[in-house]
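Visitor: Structure supplied as final.cif; contents: mmCIF, N, CA and C atoms.
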data_data
#
loop_
_atom_site.group_PDB
_atom_site.id
_atom_site.type_symbol
_atom_site.label_atom_id
_atom_site.label_comp_id
_atom_site.auth_asym_id
_atom_site.auth_seq_id
_atom_site.Cartn_x
_atom_site.Cartn_y
_atom_site.Cartn_z
ATOM 1 N N MET S 522 75.269 71.430 97.855
ATOM 2 C CA MET S 522 75.923 70.378 98.597
ATOM 3 C C MET S 522 74.987 69.896 99.701
ATOM 4 N N THR S 523 74.911 68.622 99.831
ATOM 5 C CA THR S 523 74.031 68.034 100.837
ATOM 6 C C THR S 523 74.700 68.116 102.210
ATOM 7 N N VAL S 524 73.951 68.514 103.204
ATOM 8 C CA VAL S 524 74.469 68.607 104.564
ATOM 9 C C VAL S 524 73.819 67.515 105.395
ATOM 10 N N SER S 525 74.637 66.750 106.067
ATOM 11 C CA SER S 525 74.136 65.656 106.884
ATOM 12 C C SER S 525 73.693 66.170 108.248
ATOM 13 N N LYS S 526 72.642 65.562 108.774
ATOM 14 C CA LYS S 526 72.173 65.923 110.106
ATOM 15 C C LYS S 526 72.768 64.993 111.162
ATOM 16 N N ASN S 527 73.443 63.946 110.717
ATOM 17 C CA ASN S 527 73.992 62.964 111.637
ATOM 18 C C ASN S 527 75.509 63.061 111.601
ATOM 19 N N ILE S 528 76.142 63.220 112.737
ATOM 20 C CA ILE S 528 77.600 63.394 112.782
ATOM 21 C C ILE S 528 78.338 62.142 112.296
ATOM 22 N N ASN S 529 77.712 60.973 112.392
ATOM 23 C CA ASN S 529 78.360 59.742 111.950
ATOM 24 C C ASN S 529 78.212 59.509 110.453
ATOM 25 N N ASN S 530 77.524 60.399 109.771
ATOM 26 C CA ASN S 530 77.300 60.261 108.344
ATOM 27 C C ASN S 530 77.854 61.498 107.645
ATOM 28 N N PRO S 531 79.146 61.488 107.286
ATOM 29 C CA PRO S 531 79.785 62.704 106.779
ATOM 30 C C PRO S 531 79.466 63.008 105.317
ATOM 31 N N VAL S 532 78.190 63.070 104.961
ATOM 32 C CA VAL S 532 77.801 63.388 103.588
ATOM 33 C C VAL S 532 78.150 64.850 103.332
ATOM 34 N N GLY S 533 78.916 65.085 102.274
ATOM 35 C CA GLY S 533 79.283 66.446 101.923
ATOM 36 C C GLY S 533 80.308 67.050 102.869
ATOM 37 N N MET S 534 80.948 66.254 103.698
ATOM 38 C CA MET S 534 81.902 66.783 104.663
ATOM 39 C C MET S 534 83.330 66.335 104.328
ATOM 40 N N GLY S 535 83.627 66.128 103.073
ATOM 41 C CA GLY S 535 84.983 65.792 102.692
ATOM 42 C C GLY S 535 85.197 64.314 102.425
ATOM 43 N N GLY S 536 84.213 63.499 102.614
ATOM 44 C CA GLY S 536 84.316 62.080 102.297
ATOM 45 C C GLY S 536 85.216 61.327 103.252
ATOM 46 N N GLY S 537 85.339 60.047 103.023
ATOM 47 C CA GLY S 537 86.177 59.223 103.884
ATOM 48 C C GLY S 537 85.440 58.804 105.143
ATOM 49 N N GLN S 538 86.034 57.903 105.852
ATOM 50 C CA GLN S 538 85.409 57.434 107.080
ATOM 51 C C GLN S 538 86.060 58.093 108.282
ATOM 52 N N ARG S 539 85.268 58.263 109.281
ATOM 53 C CA ARG S 539 85.777 58.876 110.488
ATOM 54 C C ARG S 539 86.388 57.822 111.397
ATOM 55 N N LYS S 540 87.365 58.270 112.171
ATOM 56 C CA LYS S 540 88.042 57.376 113.118
ATOM 57 C C LYS S 540 87.072 57.010 114.236
ATOM 58 N N LYS S 541 87.095 55.752 114.597
ATOM 59 C CA LYS S 541 86.296 55.326 115.743
ATOM 60 C C LYS S 541 86.956 55.878 116.996
ATOM 61 N N GLN S 542 86.233 56.660 117.743
ATOM 62 C CA GLN S 542 86.793 57.255 118.945
ATOM 63 C C GLN S 542 86.362 56.463 120.171
ATOM 64 N N SER S 543 87.286 56.368 121.104
ATOM 65 C CA SER S 543 86.951 55.710 122.358
ATOM 66 C C SER S 543 86.028 56.633 123.155
ATOM 67 N N ARG S 544 85.445 56.088 124.178
ATOM 68 C CA ARG S 544 84.533 56.880 125.008
ATOM 69 C C ARG S 544 85.277 58.057 125.653
ATOM 70 N N ALA S 545 86.510 57.803 126.090
ATOM 71 C CA ALA S 545 87.308 58.860 126.712
ATOM 72 C C ALA S 545 87.606 59.978 125.719
ATOM 73 N N GLU S 546 87.924 59.614 124.479
ATOM 74 C CA GLU S 546 88.215 60.631 123.472
ATOM 75 C C GLU S 546 86.971 61.452 123.144
ATOM 76 N N ARG S 547 85.823 60.804 123.121
ATOM 77 C CA ARG S 547 84.582 61.543 122.862
ATOM 78 C C ARG S 547 84.285 62.520 123.985
ATOM 79 N N GLN S 548 84.728 62.216 125.183
ATOM 80 C CA GLN S 548 84.512 63.104 126.317
ATOM 81 C C GLN S 548 85.670 64.087 126.489
ATOM 82 N N ASN S 549 86.499 64.183 125.474
ATOM 83 C CA ASN S 549 87.638 65.103 125.462
ATOM 84 C C ASN S 549 88.655 64.762 126.545
ATOM 85 N N HIS S 550 88.879 63.478 126.759
ATOM 86 C CA HIS S 550 89.902 63.029 127.700
ATOM 87 C C HIS S 550 90.898 62.145 126.954
ATOM 88 N N GLY S 551 91.314 62.595 125.789
ATOM 89 C CA GLY S 551 92.220 61.807 124.967
ATOM 90 C C GLY S 551 93.649 61.862 125.477
ATOM 91 N N PRO S 552 94.584 61.331 124.713
ATOM 92 C CA PRO S 552 95.986 61.280 125.149
ATOM 93 C C PRO S 552 96.604 62.661 125.340
ATOM 94 N N HIS S 553 96.072 63.677 124.634
ATOM 95 C CA HIS S 553 96.615 65.029 124.774
ATOM 96 C C HIS S 553 96.349 65.584 126.168
ATOM 97 N N ARG S 554 95.327 65.072 126.834
ATOM 98 C CA ARG S 554 94.957 65.598 128.151
ATOM 99 C C ARG S 554 96.059 65.344 129.178
ATOM 100 N N ASN S 555 96.727 64.204 129.072
ATOM 101 C CA ASN S 555 97.807 63.900 130.008
ATOM 102 C C ASN S 555 98.929 64.923 129.894
ATOM 103 N N LEU S 556 99.221 65.342 128.667
ATOM 104 C CA LEU S 556 100.263 66.345 128.473
ATOM 105 C C LEU S 556 99.833 67.680 129.072
ATOM 106 N N ASP S 557 98.555 68.033 128.898
ATOM 107 C CA ASP S 557 98.050 69.280 129.467
ATOM 108 C C ASP S 557 98.136 69.248 130.987
ATOM 109 N N ARG S 558 97.783 68.118 131.564
ATOM 110 C CA ARG S 558 97.805 67.996 133.018
ATOM 111 C C ARG S 558 99.238 68.064 133.539
ATOM 112 N N GLN S 559 100.182 67.460 132.809
ATOM 113 C CA GLN S 559 101.587 67.494 133.219
ATOM 114 C C GLN S 559 102.114 68.923 133.171
ATOM 115 N N GLY S 560 101.759 69.633 132.115
ATOM 116 C CA GLY S 560 102.180 71.035 132.000
ATOM 117 C C GLY S 560 101.618 71.880 133.128
ATOM 118 N N ALA S 561 100.361 71.659 133.472
ATOM 119 C CA ALA S 561 99.736 72.407 134.561
ATOM 120 C C ALA S 561 100.416 72.082 135.890
ATOM 121 N N ALA S 562 100.767 70.829 136.099
ATOM 122 C CA ALA S 562 101.442 70.428 137.336
ATOM 123 C C ALA S 562 102.820 71.084 137.423
ATOM 124 N N ASP S 563 103.517 71.161 136.299
ATOM 125 C CA ASP S 563 104.834 71.805 136.285
ATOM 126 C C ASP S 563 104.718 73.288 136.624
ATOM 127 N N GLN S 564 103.698 73.935 136.048
ATOM 128 C CA GLN S 564 103.489 75.354 136.326
ATOM 129 C C GLN S 564 103.187 75.577 137.803
ATOM 130 N N LYS S 565 102.359 74.726 138.354
ATOM 131 C CA LYS S 565 101.988 74.857 139.760
ATOM 132 C C LYS S 565 103.207 74.653 140.658
ATOM 133 N N ALA S 566 104.029 73.660 140.340
ATOM 134 C CA ALA S 566 105.225 73.399 141.140
ATOM 135 C C ALA S 566 106.166 74.605 141.101
ATOM 136 N N GLU S 567 106.305 75.210 139.931
ATOM 137 C CA GLU S 567 107.167 76.385 139.796
ATOM 138 C C GLU S 567 106.620 77.555 140.607
ATOM 139 N N LEU S 568 105.316 77.755 140.567
ATOM 140 C CA LEU S 568 104.688 78.835 141.319
ATOM 141 C C LEU S 568 104.852 78.625 142.826
ATOM 142 N N VAL S 569 104.651 77.407 143.282
ATOM 143 C CA VAL S 569 104.808 77.101 144.706
ATOM 144 C C VAL S 569 106.243 77.333 145.140
ATOM 145 N N ARG S 570 107.192 76.943 144.306
ATOM 146 C CA ARG S 570 108.610 77.142 144.639
ATOM 147 C C ARG S 570 108.920 78.638 144.781
ATOM 148 N N LYS S 571 108.417 79.452 143.847
ATOM 149 C CA LYS S 571 108.659 80.893 143.912
ATOM 150 C C LYS S 571 108.027 81.506 145.159
ATOM 151 N N MET S 572 106.813 81.055 145.485
ATOM 152 C CA MET S 572 106.132 81.596 146.658
ATOM 153 C C MET S 572 106.890 81.234 147.934
ATOM 154 N N ARG S 573 107.402 79.999 148.007
ATOM 155 C CA ARG S 573 108.166 79.590 149.187
ATOM 156 C C ARG S 573 109.456 80.387 149.319
ATOM 157 N N GLU S 574 110.114 80.659 148.179
ATOM 158 C CA GLU S 574 111.339 81.457 148.217
ATOM 159 C C GLU S 574 111.048 82.864 148.723
ATOM 160 N N LYS S 575 109.950 83.461 148.243
ATOM 161 C CA LYS S 575 109.578 84.803 148.693
ATOM 162 C C LYS S 575 109.257 84.801 150.177
ATOM 163 N N ALA S 576 108.524 83.781 150.623
ATOM 164 C CA ALA S 576 108.160 83.695 152.035
ATOM 165 C C ALA S 576 109.406 83.527 152.900
ATOM 166 N N ALA S 577 110.346 82.714 152.441
ATOM 167 C CA ALA S 577 111.577 82.492 153.196
ATOM 168 C C ALA S 577 112.403 83.784 153.249
ATOM 169 N N ALA S 578 112.458 84.501 152.140
ATOM 170 C CA ALA S 578 113.208 85.759 152.101
ATOM 171 C C ALA S 578 112.550 86.787 153.019
ATOM 172 N N ALA S 579 111.225 86.844 153.001
ATOM 173 C CA ALA S 579 110.510 87.787 153.859
ATOM 174 C C ALA S 579 110.698 87.420 155.325
ATOM 175 N N ALA S 580 110.656 86.138 155.643
ATOM 176 C CA ALA S 580 110.841 85.698 157.022
ATOM 177 C C ALA S 580 112.275 85.982 157.477
ATOM 178 N N GLY S 581 113.225 85.800 156.600
ATOM 179 C CA GLY S 581 114.626 86.075 156.929
ATOM 180 C C GLY S 581 114.841 87.560 157.165
ATOM 181 N N ALA S 582 114.261 88.382 156.343
ATOM 182 C CA ALA S 582 114.393 89.831 156.496
ATOM 183 C C ALA S 582 113.677 90.298 157.758
ATOM 184 N N GLU S 583 112.557 89.690 158.042
ATOM 185 C CA GLU S 583 111.783 90.077 159.224
ATOM 186 C C GLU S 583 112.531 89.723 160.508
ATOM 187 N N SER S 584 113.115 88.517 160.543
ATOM 188 C CA SER S 584 113.851 88.109 161.744
ATOM 189 C C SER S 584 115.119 88.956 161.909
ATOM 190 N N ALA S 585 115.738 89.332 160.800
ATOM 191 C CA ALA S 585 116.917 90.199 160.886
ATOM 192 C C ALA S 585 116.496 91.580 161.351
ATOM 193 N N GLY S 586 115.382 92.045 160.893
ATOM 194 C CA GLY S 586 114.870 93.348 161.316
ATOM 195 C C GLY S 586 114.478 93.346 162.772
ATOM 196 N N ASP S 587 113.910 92.274 163.263
ATOM 197 C CA ASP S 587 113.514 92.174 164.669
ATOM 198 C C ASP S 587 114.742 92.154 165.568
ATOM 199 N N GLY S 588 115.780 91.504 165.130
ATOM 200 C CA GLY S 588 116.991 91.396 165.943
ATOM 201 C C GLY S 588 117.652 92.748 166.138
ATOM 202 N N THR S 589 117.674 93.577 165.111
ATOM 203 C CA THR S 589 118.304 94.892 165.229
ATOM 204 C C THR S 589 117.423 95.845 166.009
ATOM 205 N N ALA S 590 116.116 95.666 165.923
ATOM 206 C CA ALA S 590 115.213 96.573 166.635
ATOM 207 C C ALA S 590 115.279 96.336 168.137
ATOM 208 N N GLN S 591 115.547 95.112 168.558
ATOM 209 C CA GLN S 591 115.558 94.812 169.976
ATOM 210 C C GLN S 591 116.902 95.173 170.641
ATOM 211 N N SER S 592 117.948 95.329 169.896
ATOM 212 C CA SER S 592 119.277 95.598 170.465
ATOM 213 C C SER S 592 119.380 96.938 171.114
#
Could you show the structure in this file as structure tokens?

Guide:
Amino acid sequence: MTVSKNINNPVGMGGGQRKKQSRAERQNHGPHRNLDRQGAADQKAELVRKMREKAAAAAGAESAGDGTAQS
């Protein structure tokens, strides 16, 4: 089987023509990237929310502990 040295010439690579890719798609910034970025943003928001809840709980426990220690 003949192997092509040029990526735009799919000799022996299954035939057919390749899709013309935009510059962004060639740089791996296709439409799937927006979904990945949205998922990452959701994860970050969830993590920040959990951290704030822990900080608030710790601050609440600390202030309650300080109040009883001073009495």

Visitor: Can you measure atom C of Met572 in chain S to atom C of Asn555 in chain S for me? One decimal in Å is fine.

Guide: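 Separating atom C of Met572 in chain S from atom C of Asn555 in chain S is a distance of 25.6 Å.
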
Visitor: So what do you get for CA of Ala577 in chain S versus CA of Gln564 in chain S, distance-wise?

Guide: 20.0 Å

Visitor: Calculate how many Å separate atom N of Gln559 in chain S from CA of Glu546 in chain S, rounding to one decimal.

Guide: 16.6 Å

Visitor: Could I get range 575-586 of chain S rebuilt with N, CA, C and O atoms, written as a compact mmCIF listing (two decimals), in the frame of the given file?

Guide:
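Final output, out.txt:
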# COMPACT_ATOMS: atom_id res chain seq x y z
N LYS S 575 109.95 83.46 148.24
CA LYS S 575 109.58 84.80 148.69
C LYS S 575 109.26 84.80 150.18
O LYS S 575 109.65 85.71 150.91
N ALA S 576 108.52 83.78 150.62
CA ALA S 576 108.16 83.70 152.04
C ALA S 576 109.41 83.53 152.90
O ALA S 576 109.53 84.14 153.97
N ALA S 577 110.35 82.71 152.44
CA ALA S 577 111.58 82.49 153.20
C ALA S 577 112.40 83.78 153.25
O ALA S 577 112.96 84.13 154.30
N ALA S 578 112.46 84.50 152.14
CA ALA S 578 113.21 85.76 152.10
C ALA S 578 112.55 86.79 153.02
O ALA S 578 113.24 87.51 153.75
N ALA S 579 111.22 86.84 153.00
CA ALA S 579 110.51 87.79 153.86
C ALA S 579 110.70 87.42 155.32
O ALA S 579 110.90 88.29 156.18
N ALA S 580 110.66 86.14 155.64
CA ALA S 580 110.84 85.70 157.02
C ALA S 580 112.28 85.98 157.48
O ALA S 580 112.51 86.40 158.61
N GLY S 581 113.22 85.80 156.60
CA GLY S 581 114.63 86.08 156.93
C GLY S 581 114.84 87.56 157.16
O GLY S 581 115.52 87.96 158.12
N ALA S 582 114.26 88.38 156.34
CA ALA S 582 114.39 89.83 156.50
C ALA S 582 113.68 90.30 157.76
O ALA S 582 114.15 91.17 158.47
N GLU S 583 112.56 89.69 158.04
CA GLU S 583 111.78 90.08 159.22
C GLU S 583 112.53 89.72 160.51
O GLU S 583 112.59 90.50 161.45
N SER S 584 113.12 88.52 160.54
CA SER S 584 113.85 88.11 161.74
C SER S 584 115.12 88.96 161.91
O SER S 584 115.48 89.30 163.02
N ALA S 585 115.74 89.33 160.80
CA ALA S 585 116.92 90.20 160.89
C ALA S 585 116.50 91.58 161.35
O ALA S 585 117.18 92.21 162.16
N GLY S 586 115.38 92.04 160.89
CA GLY S 586 114.87 93.35 161.32
C GLY S 586 114.48 93.35 162.77
O GLY S 586 114.72 94.31 163.51
